[in-house]
Amino acid sequence: MKIRRMTPADHDPCIAMMKDFYHSPAVSHALPVAVHERAFQAAVEGEPMMEGLVLEEDGQIAGYAMISFTYSCEVGGRVALLEELYFKEEFRGRGLGHQYFQWVFDTYGEMARLRLEVTAANPRAQSLYQRLGFEVLDYVQMVKDKPLD
């Protein structure tokens, strides 16, 4: 699998995959397209706090991933938040998730923590993440979001 940064030419397939991702059991709610557009633009314009990736297999776009970065006082270091990982249906079950995470471990192994979120409605992803060494944190997350467009 080839992993590369998003480019402006990836707009249409990436926005389509983002829509699919946010209408799947992987997340708890859908988002307006304007939010996907902002995330995509930030990725291709080089926003330093995030990275947008295109995942390719056999010369085709197989999926995408979004990673953001922060500092955690709890672990005393930088954190890579693996925010979104999506594979098109026809590319699932081929071991590409394992390949992606190996790339993450190789690329961001110096981070104090790798963090991700998974919904209870996505047991297949939970199983993969646990096999890869991720542990469940016993936190209730709370947010106060700015109203969406």
# chains A, B, ... in the order shown; residues from 1 in each chain; ligands from 1

call {"tool": "select_by_dssp", "arguments": {"residues": "chain A", "states": "alpha helix (DSSP H)", "output": "number ranges by chain"}}
result
A: 11-21, 33-44, 96-108, 123-131

call {"tool": "select_by_dssp", "arguments": {"residues": "range 9-63 of chain A", "states": "strand (DSSP E)", "output": "PyMOL selection string"}}
result
chain A and resi 50-57+60-63

call {"tool": "write_last_selection", "arguments": {"atoms": "N, CA and C atoms", "output": "short mmCIF file (atom, residue, chain, number, x, y, z; two decimals), in the first residue's frame"}}
result
data_model
loop_
_atom_site.label_atom_id
_atom_site.label_comp_id
_atom_site.auth_asym_id
_atom_site.auth_seq_id
_atom_site.Cartn_x
_atom_site.Cartn_y
_atom_site.Cartn_z
N MET A 50 -2.27 19.11 11.61
CA MET A 50 -2.94 17.92 11.09
C MET A 50 -2.31 17.47 9.79
N GLU A 51 -2.64 16.24 9.43
CA GLU A 51 -2.15 15.67 8.19
C GLU A 51 -3.28 14.87 7.55
N GLY A 52 -3.50 15.08 6.26
CA GLY A 52 -4.47 14.31 5.50
C GLY A 52 -3.73 13.36 4.57
N LEU A 53 -4.12 12.10 4.59
CA LEU A 53 -3.42 11.08 3.82
C LEU A 53 -4.36 10.36 2.86
N VAL A 54 -3.82 9.99 1.72
CA VAL A 54 -4.52 9.16 0.76
C VAL A 54 -3.84 7.79 0.79
N LEU A 55 -4.66 6.74 0.85
CA LEU A 55 -4.16 5.38 0.92
C LEU A 55 -4.46 4.71 -0.42
N GLU A 56 -3.42 4.26 -1.10
CA GLU A 56 -3.58 3.68 -2.42
C GLU A 56 -3.16 2.21 -2.44
N GLU A 57 -3.87 1.44 -3.22
CA GLU A 57 -3.55 0.02 -3.42
C GLU A 57 -3.74 -0.29 -4.89
N GLN A 60 -4.96 2.49 -7.18
CA GLN A 60 -6.29 3.08 -6.96
C GLN A 60 -6.36 3.66 -5.55
N ILE A 61 -7.20 4.67 -5.39
CA ILE A 61 -7.43 5.20 -4.05
C ILE A 61 -8.28 4.19 -3.29
N ALA A 62 -7.72 3.67 -2.22
CA ALA A 62 -8.39 2.66 -1.39
C ALA A 62 -9.04 3.28 -0.17
N GLY A 63 -8.55 4.44 0.26
CA GLY A 63 -9.09 5.07 1.46
C GLY A 63 -8.36 6.35 1.78
#

call {"tool": "closest_atom_pairs", "arguments": {"of": "range 16-38 of chain A", "to": "range 67-84 of chain A", "cutoff": "12 Å", "atoms": "only C-alpha atoms", "output": "CSV"}}
result
residue,atom,partner,partner_atom,distance
A:Met17,CA,A:Glu84,CA,10.6
A:Met18,CA,A:Glu84,CA,8.8
A:Lys19,CA,A:Glu84,CA,11.8
A:Asp20,CA,A:Glu84,CA,11.6
A:Phe21,CA,A:Glu84,CA,8.2
A:Tyr22,CA,A:Glu84,CA,9.6
A:Ser24,CA,A:Glu84,CA,11.9
A:Ala26,CA,A:Glu84,CA,9.0
A:Val27,CA,A:Glu84,CA,9.4
A:His36,CA,A:Glu84,CA,11.6

call {"tool": "closest_residue", "arguments": {"among": "A:Val35, A:Gly95, A:Ser28, A:Glu45", "to": "Thr7 in chain A", "atoms": "only C-alpha atoms"}}
result
A:Glu45

call {"tool": "atom_distance", "arguments": {"atom1": "CA of Lys144 in chain A", "atom2": "CA of Ile15 in chain A"}}
result
25.0 Å

call {"tool": "closest_residue", "arguments": {"among": "A:Phe91, A:Tyr129, A:Tyr64, A:Tyr86", "to": "Ile3 in chain A", "atoms": "only C-alpha atoms"}}
result
A:Tyr64

call {"tool": "closest_residue", "arguments": {"among": "A:Leu128, A:Met66, A:Met1, A:Met111", "to": "Ala39 in chain A", "atoms": "only C-alpha atoms"}}
result
A:Met66

call {"tool": "closest_residue", "arguments": {"among": "A:Met6, A:Ala65, A:Val118, A:Leu85", "to": "Pro25 in chain A", "atoms": "only C-alpha atoms"}}
result
A:Val118

call {"tool": "closest_residue", "arguments": {"among": "A:Val140, A:Leu148, A:Ala125, A:Leu132", "to": "Phe87 in chain A", "atoms": "only C-alpha atoms"}}
result
A:Ala125

call {"tool": "atom_distance", "arguments": {"atom1": "CA of Leu114 in chain A", "atom2": "CA of Phe134 in chain A"}}
result
8.4 Å

call {"tool": "closest_residue", "arguments": {"among": "A:Glu135, A:Ala9, A:Phe40, A:Ser127", "to": "Arg113 in chain A", "atoms": "only C-alpha atoms"}}
result
A:Glu135

call {"tool": "atom_distance", "arguments": {"atom1": "CA of Trp103 in chain A", "atom2": "CA of Arg124 in chain A"}}
result
20.1 Å
